[in-house]
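Participant: One file is attached below, run.pdb, containing PDB, C-alpha atoms and all ligand atoms.
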```
ATOM      1  CA  MET C   1      -6.596  11.687  16.248
ATOM      2  CA  THR C   2      -4.656  14.800  15.308
ATOM      3  CA  SER C   3      -1.140  15.859  16.093
ATOM      4  CA  GLU C   4      -2.489  18.813  18.048
ATOM      5  CA  GLN C   5      -3.964  16.442  20.613
ATOM      6  CA  PHE C   6      -1.136  13.896  20.833
ATOM      7  CA  ASP C   7       2.432  14.050  19.619
ATOM      8  CA  ASP C   8       3.614  10.574  20.471
ATOM      9  CA  ALA C   9       3.778   7.097  18.958
ATOM     10  CA  LEU C  10       0.991   5.518  21.005
ATOM     11  CA  PHE C  11      -2.111   4.087  19.359
ATOM     12  CA  ARG C  12      -5.426   5.279  20.718
ATOM     13  CA  ARG C  13      -8.996   4.246  20.133
ATOM     14  CA  LYS C  14     -11.700   6.789  20.719
ATOM     15  CA  ARG C  15     -14.504   5.910  23.118
ATOM     16  CA  LYS C  16     -18.089   7.075  22.795
ATOM     17  CA  ASN C  17     -17.596   9.576  25.634
ATOM     18  CA  GLY C  18     -14.732  11.253  23.736
ATOM     19  CA  THR C  19     -11.869   9.865  25.821
ATOM     20  CA  TYR C  20      -9.226   7.511  24.431
ATOM     21  CA  ASP C  21      -8.040   3.995  25.236
ATOM     22  CA  VAL C  22      -4.376   3.341  24.590
ATOM     23  CA  ILE C  23      -3.965   0.229  22.434
ATOM     24  CA  GLU C  24      -0.755  -1.692  22.802
ATOM     25  CA  ALA C  25       1.139  -2.049  19.526
ATOM     26  CA  PRO C  26       2.458  -5.463  18.530
ATOM     27  CA  ASP C  27       6.121  -5.890  19.380
ATOM     28  CA  LEU C  28       7.486  -7.172  16.088
ATOM     29  CA  PRO C  29      10.941  -8.735  15.800
ATOM     30  CA  ALA C  30      11.709  -7.260  12.336
ATOM     31  CA  PHE C  31      11.072  -4.236  10.122
ATOM     32  CA  VAL C  32       7.853  -3.788   8.185
ATOM     33  CA  ALA C  33       6.931  -2.211   4.836
ATOM     34  CA  ASP C  34       3.736  -0.407   3.845
ATOM     35  CA  THR C  35       3.411  -1.120   0.118
ATOM     36  CA  HIS C  36       0.355   1.102  -0.449
ATOM     37  CA  ALA C  37      -0.312   4.451   1.227
ATOM     38  CA  HIS C  38      -1.910   7.740   0.185
ATOM     39  CA  LEU C  39      -0.149   9.652   2.978
ATOM     40  CA  HIS C  40      -0.446  13.025   1.217
ATOM     41  CA  MET C  41      -4.192  12.803   1.957
ATOM     42  CA  LEU C  42      -3.521  12.997   5.704
ATOM     43  CA  GLU C  43      -3.766  16.341   7.378
ATOM     44  CA  ASP C  44      -0.273  15.938   8.896
ATOM     45  CA  PRO C  45       1.790  13.436   6.877
ATOM     46  CA  SER C  46       5.004  14.004   8.853
ATOM     47  CA  PHE C  47       3.199  12.882  12.027
ATOM     48  CA  SER C  48       2.356   9.535  10.441
ATOM     49  CA  ILE C  49       5.868   9.187   8.986
ATOM     50  CA  ALA C  50       7.424   9.821  12.412
ATOM     51  CA  ARG C  51       5.092   7.326  14.090
ATOM     52  CA  ALA C  52       5.826   4.785  11.348
ATOM     53  CA  ALA C  53       9.545   5.224  12.062
ATOM     54  CA  CYS C  54       8.931   4.547  15.757
ATOM     55  CA  CYS C  55       7.004   1.366  14.866
ATOM     56  CA  GLY C  56       9.752  -0.098  12.685
ATOM     57  CA  VAL C  57       8.243   0.772   9.292
ATOM     58  CA  ARG C  58      11.266   1.226   7.027
ATOM     59  CA  PHE C  59       9.791   1.320   3.532
ATOM     60  CA  ILE C  60       6.642   2.987   2.153
ATOM     61  CA  GLU C  61       5.255   2.948  -1.377
ATOM     62  CA  GLY C  62       3.280   6.178  -1.795
ATOM     63  CA  ILE C  63       0.414   6.090  -4.291
ATOM     64  CA  LEU C  64      -0.230   9.100  -6.526
ATOM     65  CA  ASP C  65      -2.922   9.605  -9.123
ATOM     66  CA  VAL C  66      -1.934  11.259 -12.368
ATOM     67  CA  CYS C  67      -5.446  12.741 -12.818
ATOM     68  CA  GLU C  68      -6.131  13.746  -9.230
ATOM     69  CA  ASP C  69      -2.826  14.624  -7.583
ATOM     70  CA  ASP C  70      -0.242  17.278  -8.295
ATOM     71  CA  LEU C  71       2.767  15.024  -8.885
ATOM     72  CA  SER C  72       5.115  17.636  -7.423
ATOM     73  CA  VAL C  73       3.801  16.394  -4.057
ATOM     74  CA  MET C  74       6.734  13.932  -4.277
ATOM     75  CA  ASP C  75       8.959  16.884  -3.329
ATOM     76  CA  GLU C  76       6.754  17.526  -0.291
ATOM     77  CA  PHE C  77       7.474  14.013   0.906
ATOM     78  CA  ALA C  78      11.166  14.878   1.194
ATOM     79  CA  LEU C  79      10.167  17.803   3.425
ATOM     80  CA  TRP C  80       7.722  15.730   5.507
ATOM     81  CA  THR C  81      10.399  13.069   5.994
ATOM     82  CA  ARG C  82      12.844  15.689   7.319
ATOM     83  CA  GLN C  83      10.161  17.043   9.656
ATOM     84  CA  ALA C  84       9.439  13.500  10.821
ATOM     85  CA  ALA C  85      13.110  12.909  11.615
ATOM     86  CA  VAL C  86      12.934  15.898  13.986
ATOM     87  CA  ARG C  87       9.769  14.595  15.673
ATOM     88  CA  VAL C  88      10.993  11.002  16.179
ATOM     89  CA  PRO C  89      13.401  11.591  19.115
ATOM     90  CA  ARG C  90      10.601  13.250  21.099
ATOM     91  CA  MET C  91       8.299  10.329  20.391
ATOM     92  CA  VAL C  92      10.628   7.505  21.332
ATOM     93  CA  THR C  93      10.423   8.318  25.011
ATOM     94  CA  VAL C  94       6.952   6.768  24.988
ATOM     95  CA  MET C  95       7.759   4.038  22.502
ATOM     96  CA  TYR C  96       7.595   0.358  23.143
ATOM     97  CA  CYS C  97       9.622  -1.230  20.352
ATOM     98  CA  CYS C  98      12.803   0.813  20.237
ATOM     99  CA  LYS C  99      15.351  -1.953  19.779
ATOM    100  CA  PRO C 100      17.323  -0.428  16.908
ATOM    101  CA  ALA C 101      17.160   3.382  16.856
ATOM    102  CA  PRO C 102      14.137   4.393  14.772
ATOM    103  CA  ARG C 103      14.887   5.637  11.302
ATOM    104  CA  VAL C 104      12.443   7.394   8.995
ATOM    105  CA  PRO C 105      11.185   5.115   6.222
ATOM    106  CA  LYS C 106      12.373   5.282   2.651
ATOM    107  CA  PHE C 107       9.754   6.341   0.091
ATOM    108  CA  ARG C 108       9.151   5.157  -3.436
ATOM    109  CA  PHE C 109       6.033   5.940  -5.449
ATOM    110  CA  ALA C 110       3.545   4.245  -7.712
ATOM    111  CA  VAL C 111       1.891   6.621 -10.152
ATOM    112  CA  GLY C 112      -1.082   5.818 -12.343
ATOM    113  CA  CYS C 113      -4.686   6.566 -13.128
ATOM    114  CA  HIS C 114      -7.107   4.941 -10.678
ATOM    115  CA  PRO C 115     -10.063   3.275 -12.431
ATOM    116  CA  HIS C 116     -12.359   5.835 -10.760
ATOM    117  CA  ASN C 117     -10.582   8.542 -12.767
ATOM    118  CA  ALA C 118     -10.332   6.658 -16.075
ATOM    119  CA  LYS C 119     -12.790   9.102 -17.674
ATOM    120  CA  ASP C 120     -10.237  11.888 -17.102
ATOM    121  CA  PHE C 121      -7.248  10.011 -18.533
ATOM    122  CA  ASP C 122      -6.752  12.090 -21.676
ATOM    123  CA  GLU C 123      -3.635  12.580 -23.792
ATOM    124  CA  ALA C 124      -2.275  15.228 -21.424
ATOM    125  CA  ALA C 125      -2.620  12.868 -18.450
ATOM    126  CA  GLU C 126      -0.936  10.086 -20.370
ATOM    127  CA  ALA C 127       1.925  12.440 -21.283
ATOM    128  CA  ARG C 128       2.317  13.400 -17.596
ATOM    129  CA  LEU C 129       2.412   9.736 -16.647
ATOM    130  CA  ILE C 130       5.022   8.897 -19.295
ATOM    131  CA  GLU C 131       7.182  11.768 -18.098
ATOM    132  CA  VAL C 132       6.984  10.837 -14.416
ATOM    133  CA  LEU C 133       7.864   7.187 -15.117
ATOM    134  CA  HIS C 134      11.354   8.482 -15.939
ATOM    135  CA  ASP C 135      11.681   9.776 -12.361
ATOM    136  CA  PRO C 136      13.871   7.427 -10.285
ATOM    137  CA  ARG C 137      11.553   7.881  -7.284
ATOM    138  CA  VAL C 138       8.783   6.180  -9.243
ATOM    139  CA  SER C 139       8.997   2.410  -8.945
ATOM    140  CA  ALA C 140       5.616   1.182 -10.211
ATOM    141  CA  VAL C 141       2.576   2.047 -12.320
ATOM    142  CA  GLY C 142      -0.461   2.123 -10.069
ATOM    143  CA  GLU C 143      -2.924   1.962  -8.767
ATOM    144  CA  ILE C 144      -4.531   0.882 -12.005
ATOM    145  CA  GLY C 145      -7.283  -1.618 -12.752
ATOM    146  CA  LEU C 146     -11.054  -1.911 -12.745
ATOM    147  CA  ASP C 147     -13.646  -0.936 -10.159
ATOM    148  CA  TYR C 148     -17.148  -2.150 -11.042
ATOM    149  CA  HIS C 149     -18.399  -1.558  -7.500
ATOM    150  CA  TYR C 150     -18.544   2.225  -7.762
ATOM    151  CA  ASP C 151     -18.480   2.477 -11.573
ATOM    152  CA  LEU C 152     -17.256   6.073 -11.333
ATOM    153  CA  SER C 153     -16.000   5.799 -14.900
ATOM    154  CA  PRO C 154     -17.745   3.851 -17.701
ATOM    155  CA  ARG C 155     -16.546   0.252 -17.759
ATOM    156  CA  ASP C 156     -15.327   0.309 -21.362
ATOM    157  CA  VAL C 157     -13.260   3.417 -20.566
ATOM    158  CA  GLN C 158     -11.846   1.748 -17.433
ATOM    159  CA  ARG C 159     -10.792  -1.275 -19.508
ATOM    160  CA  GLU C 160      -9.151   0.833 -22.200
ATOM    161  CA  VAL C 161      -7.248   3.007 -19.696
ATOM    162  CA  PHE C 162      -6.147  -0.100 -17.785
ATOM    163  CA  ARG C 163      -4.817  -1.622 -21.011
ATOM    164  CA  ARG C 164      -2.916   1.536 -21.980
ATOM    165  CA  GLN C 165      -1.248   1.708 -18.574
ATOM    166  CA  ILE C 166      -0.236  -1.970 -18.600
ATOM    167  CA  ARG C 167       1.509  -1.273 -21.923
ATOM    168  CA  LEU C 168       3.266   1.781 -20.479
ATOM    169  CA  ALA C 169       4.450  -0.187 -17.443
ATOM    170  CA  LYS C 170       5.859  -2.893 -19.673
ATOM    171  CA  GLU C 171       7.636  -0.359 -21.899
ATOM    172  CA  ALA C 172       9.084   1.348 -18.827
ATOM    173  CA  GLY C 173      10.077  -1.979 -17.246
ATOM    174  CA  LEU C 174       8.080  -1.258 -14.074
ATOM    175  CA  PRO C 175       5.701  -3.450 -12.049
ATOM    176  CA  VAL C 176       1.963  -2.707 -11.881
ATOM    177  CA  VAL C 177      -0.044  -2.133  -8.689
ATOM    178  CA  LEU C 178      -3.594  -3.369  -9.278
ATOM    179  CA  HIS C 179      -6.850  -2.107  -7.802
ATOM    180  CA  VAL C 180      -9.550  -4.606  -8.747
ATOM    181  CA  ARG C 181     -13.021  -4.520  -7.248
ATOM    182  CA  GLU C 182     -15.859  -6.758  -8.428
ATOM    183  CA  ALA C 183     -14.068  -7.021 -11.766
ATOM    184  CA  HIS C 184     -11.589  -9.856 -11.333
ATOM    185  CA  ASP C 185     -12.640 -11.791 -14.465
ATOM    186  CA  ASP C 186     -12.190  -8.791 -16.766
ATOM    187  CA  ALA C 187      -8.960  -7.656 -15.091
ATOM    188  CA  PHE C 188      -7.454 -11.119 -15.338
ATOM    189  CA  ALA C 189      -8.528 -11.460 -18.986
ATOM    190  CA  ILE C 190      -6.983  -8.087 -19.930
ATOM    191  CA  LEU C 191      -3.702  -8.910 -18.207
ATOM    192  CA  SER C 192      -3.632 -12.327 -19.858
ATOM    193  CA  GLU C 193      -4.166 -10.729 -23.273
ATOM    194  CA  GLU C 194      -1.575  -8.015 -22.709
ATOM    195  CA  GLY C 195       0.801 -10.316 -20.857
ATOM    196  CA  PHE C 196       1.591  -9.958 -17.153
ATOM    197  CA  PRO C 197       4.506  -7.483 -16.779
ATOM    198  CA  GLU C 198       7.870  -9.142 -16.295
ATOM    199  CA  ALA C 199       8.734  -6.606 -13.583
ATOM    200  CA  GLY C 200       5.840  -7.919 -11.488
ATOM    201  CA  THR C 201       2.133  -7.619 -10.751
ATOM    202  CA  LEU C 202       0.903  -6.652  -7.288
ATOM    203  CA  LEU C 203      -2.734  -7.263  -6.366
ATOM    204  CA  HIS C 204      -3.435  -4.647  -3.707
ATOM    205  CA  CYS C 205      -5.904  -4.757  -0.781
ATOM    206  CA  TYR C 206      -6.876  -8.369  -1.303
ATOM    207  CA  ASN C 207     -10.188  -8.965   0.502
ATOM    208  CA  LEU C 208     -11.669 -12.105  -1.084
ATOM    209  CA  GLY C 209     -11.270 -15.816  -0.482
ATOM    210  CA  ALA C 210      -8.721 -18.340  -1.719
ATOM    211  CA  ASP C 211     -10.763 -19.497  -4.730
ATOM    212  CA  GLU C 212     -10.461 -16.162  -6.566
ATOM    213  CA  LEU C 213      -6.829 -15.758  -5.593
ATOM    214  CA  ARG C 214      -5.562 -19.057  -6.981
ATOM    215  CA  ARG C 215      -5.272 -18.001 -10.657
ATOM    216  CA  TRP C 216      -3.441 -14.782  -9.712
ATOM    217  CA  VAL C 217      -0.980 -16.687  -7.578
ATOM    218  CA  ASP C 218      -0.492 -19.218 -10.386
ATOM    219  CA  GLU C 219       0.437 -16.308 -12.665
ATOM    220  CA  GLY C 220       3.178 -15.278 -10.257
ATOM    221  CA  CYS C 221       1.454 -12.198  -8.798
ATOM    222  CA  PHE C 222       2.423 -10.583  -5.517
ATOM    223  CA  VAL C 223      -0.488 -10.145  -3.107
ATOM    224  CA  ALA C 224      -0.718  -7.323  -0.544
ATOM    225  CA  PHE C 225      -2.911  -7.664   2.532
ATOM    226  CA  GLY C 226      -4.085  -4.659   4.510
ATOM    227  CA  GLY C 227      -6.776  -3.893   7.089
ATOM    228  CA  PRO C 228      -9.299  -6.462   5.739
ATOM    229  CA  VAL C 229      -7.119  -9.412   6.828
ATOM    230  CA  THR C 230      -7.557  -8.245  10.437
ATOM    231  CA  PHE C 231     -11.344  -7.796  10.311
ATOM    232  CA  LYS C 232     -13.245 -10.097  12.629
ATOM    233  CA  LYS C 233     -15.430 -11.742   9.987
ATOM    234  CA  ALA C 234     -12.686 -12.122   7.384
ATOM    235  CA  ASP C 235     -11.707 -15.769   7.865
ATOM    236  CA  ASP C 236     -11.852 -16.217   4.076
ATOM    237  CA  VAL C 237      -9.234 -13.476   3.581
ATOM    238  CA  ARG C 238      -6.992 -15.116   6.168
ATOM    239  CA  GLU C 239      -7.408 -18.447   4.365
ATOM    240  CA  ALA C 240      -6.443 -16.708   1.126
ATOM    241  CA  ALA C 241      -3.249 -15.356   2.721
ATOM    242  CA  ALA C 242      -2.239 -18.916   3.496
ATOM    243  CA  ILE C 243      -2.115 -19.917  -0.191
ATOM    244  CA  VAL C 244       0.252 -17.108  -1.232
ATOM    245  CA  PRO C 245       3.860 -18.278  -1.532
ATOM    246  CA  ARG C 246       5.879 -16.553   1.175
ATOM    247  CA  ASP C 247       8.144 -14.858  -1.348
ATOM    248  CA  ARG C 248       5.151 -13.004  -2.850
ATOM    249  CA  LEU C 249       3.342 -11.928   0.307
ATOM    250  CA  LEU C 250       3.190  -8.200   1.160
ATOM    251  CA  THR C 251       1.815  -5.872   3.854
ATOM    252  CA  GLU C 252       0.054  -2.568   3.160
ATOM    253  CA  THR C 253      -2.373  -0.073   4.671
ATOM    254  CA  ASP C 254      -4.166   1.907   1.889
ATOM    255  CA  ALA C 255      -3.947   4.804   4.378
ATOM    256  CA  PRO C 256      -5.946   6.946   5.102
ATOM    257  CA  TYR C 257      -8.506   4.154   4.523
ATOM    258  CA  MET C 258      -8.877   0.542   5.693
ATOM    259  CA  THR C 259      -7.592   0.931   9.258
ATOM    260  CA  PRO C 260      -6.873  -2.517  10.722
ATOM    261  CA  GLU C 261      -8.394  -3.923  13.881
ATOM    262  CA  PRO C 262      -8.343  -3.101  16.751
ATOM    263  CA  LEU C 263      -8.388   0.499  15.486
ATOM    264  CA  ARG C 264     -10.973   0.119  12.732
ATOM    265  CA  GLY C 265     -12.929   3.352  12.368
ATOM    266  CA  MET C 266      -9.950   5.597  13.188
ATOM    267  CA  LYS C 267      -7.957   7.336  10.461
ATOM    268  CA  CYS C 268      -5.188   5.111   9.091
ATOM    269  CA  GLY C 269      -1.498   5.989   8.723
ATOM    270  CA  SER C 270       1.437   3.841   7.627
ATOM    271  CA  GLU C 271       2.221   3.079  11.284
ATOM    272  CA  HIS C 272      -0.953   0.957  11.443
ATOM    273  CA  VAL C 273       0.663  -1.613   9.134
ATOM    274  CA  VAL C 274       2.182  -3.260  12.237
ATOM    275  CA  PHE C 275      -1.267  -4.566  13.224
ATOM    276  CA  THR C 276      -1.725  -6.148   9.798
ATOM    277  CA  ALA C 277       1.767  -7.661   9.885
ATOM    278  CA  ALA C 278       1.062  -9.060  13.352
ATOM    279  CA  LYS C 279      -2.189 -10.637  12.151
ATOM    280  CA  LEU C 280      -0.405 -12.322   9.231
ATOM    281  CA  VAL C 281       2.198 -13.657  11.651
ATOM    282  CA  GLU C 282      -0.553 -14.934  13.957
ATOM    283  CA  VAL C 283      -2.323 -16.707  11.094
ATOM    284  CA  LEU C 284       0.647 -18.032   9.156
ATOM    285  CA  CYS C 285       2.984 -18.912  12.020
ATOM    286  CA  ALA C 286       0.348 -20.498  14.278
ATOM    287  CA  ASP C 287       2.213 -23.816  14.225
ATOM    288  CA  ASP C 288       5.649 -22.241  14.262
ATOM    289  CA  PRO C 289       5.936 -19.298  16.659
ATOM    290  CA  PHE C 290       9.656 -19.101  15.965
ATOM    291  CA  GLY C 291       8.926 -18.463  12.287
ATOM    292  CA  ALA C 292       7.592 -14.959  12.976
ATOM    293  CA  GLU C 293      10.892 -13.206  12.439
ATOM    294  CA  ASP C 294      11.568 -15.114   9.202
ATOM    295  CA  LEU C 295       8.111 -14.300   7.842
ATOM    296  CA  LEU C 296       8.424 -10.598   8.673
ATOM    297  CA  LYS C 297      11.886 -10.386   7.119
ATOM    298  CA  GLN C 298      10.629 -12.189   4.033
ATOM    299  CA  MET C 299       7.650  -9.831   3.629
ATOM    300  CA  TYR C 300       9.928  -6.817   4.038
ATOM    301  CA  ASP C 301      12.430  -8.166   1.507
ATOM    302  CA  ASN C 302       9.571  -8.879  -0.914
ATOM    303  CA  ALA C 303       8.449  -5.249  -0.714
ATOM    304  CA  VAL C 304      11.902  -3.812  -1.223
ATOM    305  CA  GLY C 305      12.763  -6.309  -3.956
ATOM    306  CA  LEU C 306       9.632  -5.481  -5.934
ATOM    307  CA  LEU C 307       9.266  -1.756  -5.278
ATOM    308  CA  ASP C 308      12.718  -0.370  -4.493
ATOM    309  CA  ARG C 309      14.192  -1.788  -7.640
ATOM    310  CA  PRO C 310      17.214  -0.497  -9.558
ATOM    311  CA  LEU C 311      16.579   2.130 -12.242
ATOM    312  CA  THR C 312      14.704   0.940 -15.312
ATOM    313  CA  VAL C 313      15.765   1.599 -18.883
ATOM    314  CA  TRP C 314      13.439   4.625 -19.031
ATOM    315  CA  GLN C 315      14.757   6.032 -15.803
ATOM    316  CA  LYS C 316      18.336   5.748 -17.015
ATOM    317  CA  GLY C 317      17.210   7.696 -20.076
ATOM    318  CA  GLU C 318      18.580   5.184 -22.560
TER     319      GLU C 318
HETATM  320 ZN    ZN K   1      -7.214   0.614  -4.206
HETATM  321 ZN    ZN K   2      -5.221   2.989  -2.730
END
```
Translate this structure into structure tokens?

Facilitator:
Amino acid sequence: MTSEQFDDALFRRKRKNGTYDVIEAPDLPAFVADTHAHLHMLEDPSFSIARAACCGVRFIEGILDVCEDDLSVMDEFALWTRQAAVRVPRMVTVMYCCKPAPRVPKFRFAVGCHPHNAKDFDEAAEARLIEVLHDPRVSAVGEIGLDYHYDLSPRDVQREVFRRQIRLAKEAGLPVVLHVREAHDDAFAILSEEGFPEAGTLLHCYNLGADELRRWVDEGCFVAFGGPVTFKKADDVREAAAIVPRDRLLTETDAPYMTPEPLRGMKCGSEHVVFTAAKLVEVLCADDPFGAEDLLKQMYDNAVGLLDRPLTVWQKGE
């Protein structure tokens, strides 16, 4: 879907014959946060930001890579947000959930070296990261971790770069956003050796069962669920969500990837987080339909509490 074709807040699923079905968005009784989005990778970020505003998304953590992205893209976000604010009033005429007037979401950013890029994390990259952690828009170090599925960087290099970034996060007083794929034992061991950051640890895009999750939850980690929790065969992920204490449960997209059902296969924007939030409500409030609003408010407060934190010592320049 591109903004040239549609300039509204409706969700559409493409059919084989090239036409579109309109998919009704969940009507959520509270605001939602997207704690993990690479929106600068979209062809028209302001379109997604405007649609997110219409859907009640009020907070977004953008993810930037210190080896792959030009970090000045943070300034572009200010521009895209202003453009989105202009687009929103035109969109709301076709919007379903317009209880309070839509407002463009607030952005904060996590910056780090993704394990895929660990081989490129040289002294210059580390210096860029240290510098940007002083920027008050930056609220976390991430995504960092280990990815043994793709092995795009040698594993020993991934481990070393992960370790260095955990240390930087702790010095800066910032939380870490973890990307861990087929490497949970090593990632957990490294964090245990280094010490889990006091400012918080967020395990992003959790897509495994409850057994793996237990030790992370016991360590006090926050856990973010995205598209995978909505996938049809992912009962184990939904069971895992049920063991996370409510005050550490988060919603995310990983846009432009991981589009939730029923739009799987389409390009993902932050607005799609409402489908993930609705699925968590369905699963976790099955016995208490009146608890939906409380759960949504709690998940939103968790996101803001963890990622829209007051300035750290580094950011104050002390
Ligand atoms: Zn990731
Ligand atoms: Zn990501």

Participant: Using the chain letters and numbers from the file, give me the residues hit by the PyMOL selection byres (((not hetatm)) within 10 of (chain K and resi 2)), as a ChimeraX atom specification.

Facilitator: /C:35-38,62-65,114,142-144,177-179,204-205,252-258

Participant: Could you tell me which of C:Pro136, C:Gly18, C:Gly145, C:Pro310 comes closest to ligand ZN 1 (chain K) if we count only C-alpha atoms and all ligand atoms?

Facilitator: C:Gly145

Participant: One decimal, Å: what's the distance from CA of Asp34 in chain C over to CA of Glu271 in chain C, could you say?

Facilitator: 8.4 Å

Participant: Between C:Ile243, C:Leu208, C:His134, C:Pro26, which one has atoms that come closest to Ala277 in chain C, using only C-alpha atoms?

Facilitator: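 Going through C:Ile243, C:Leu208, C:His134, C:Pro26 one by one, the smallest distance to Ala277 in chain C is for C:Pro26.
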
Participant: Determine the nearest neighbour of Val141 in chain C from the options C:Asp122, C:Glu61, C:Asp69, C:Glu24, counting all atoms listed in the file.

Facilitator: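 Ranking C:Asp122, C:Glu61, C:Asp69, C:Glu24 by distance to Val141 in chain C, first place goes to C:Glu61.
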
Participant: To test your reading of the syntax: which residues would the PyMOL selection byres (((chain C and resi 306) around 10) and not hetatm) return for the file shown? Reply as JSON, numbers by chain.

Facilitator: {"C": [35, 139, 140, 174, 175, 199, 200, 201, 202, 222, 248, 250, 301, 302, 303, 304, 305, 307, 308, 309, 310]}

Participant: If you apply the PyMOL selection byres (((chain C and resi 146-157) around 7) and not hetatm) to this file, what residues do you get, as a PyMOL selection string?

Facilitator: chain C and resi 115-119+145+158-161+179-183+187

Participant: How many Å separate CA of Val138 in chain C from CA of Val111 in chain C?

Facilitator: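 That distance, rounded to one decimal, is 7.0 Å.
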
Participant: Return the single residue from C:Pro102, C:Pro262, C:Gly317, C:Gly112 that is closest to ligand ZN 1 (chain K), with distances computed using all atoms listed in the file.

Facilitator: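 Checking each of C:Pro102, C:Pro262, C:Gly317, C:Gly112 against ligand ZN 1 (chain K), counting all atoms listed in the file, the winner is C:Gly112.
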
Participant: Figure out the distance between CA of Ile166 in chain C and CA of Ile190 in chain C, please, to one decimal in Å.

Facilitator: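 Interatomic distance, CA of Ile190 in chain C to CA of Ile166 in chain C: 9.2 Å.
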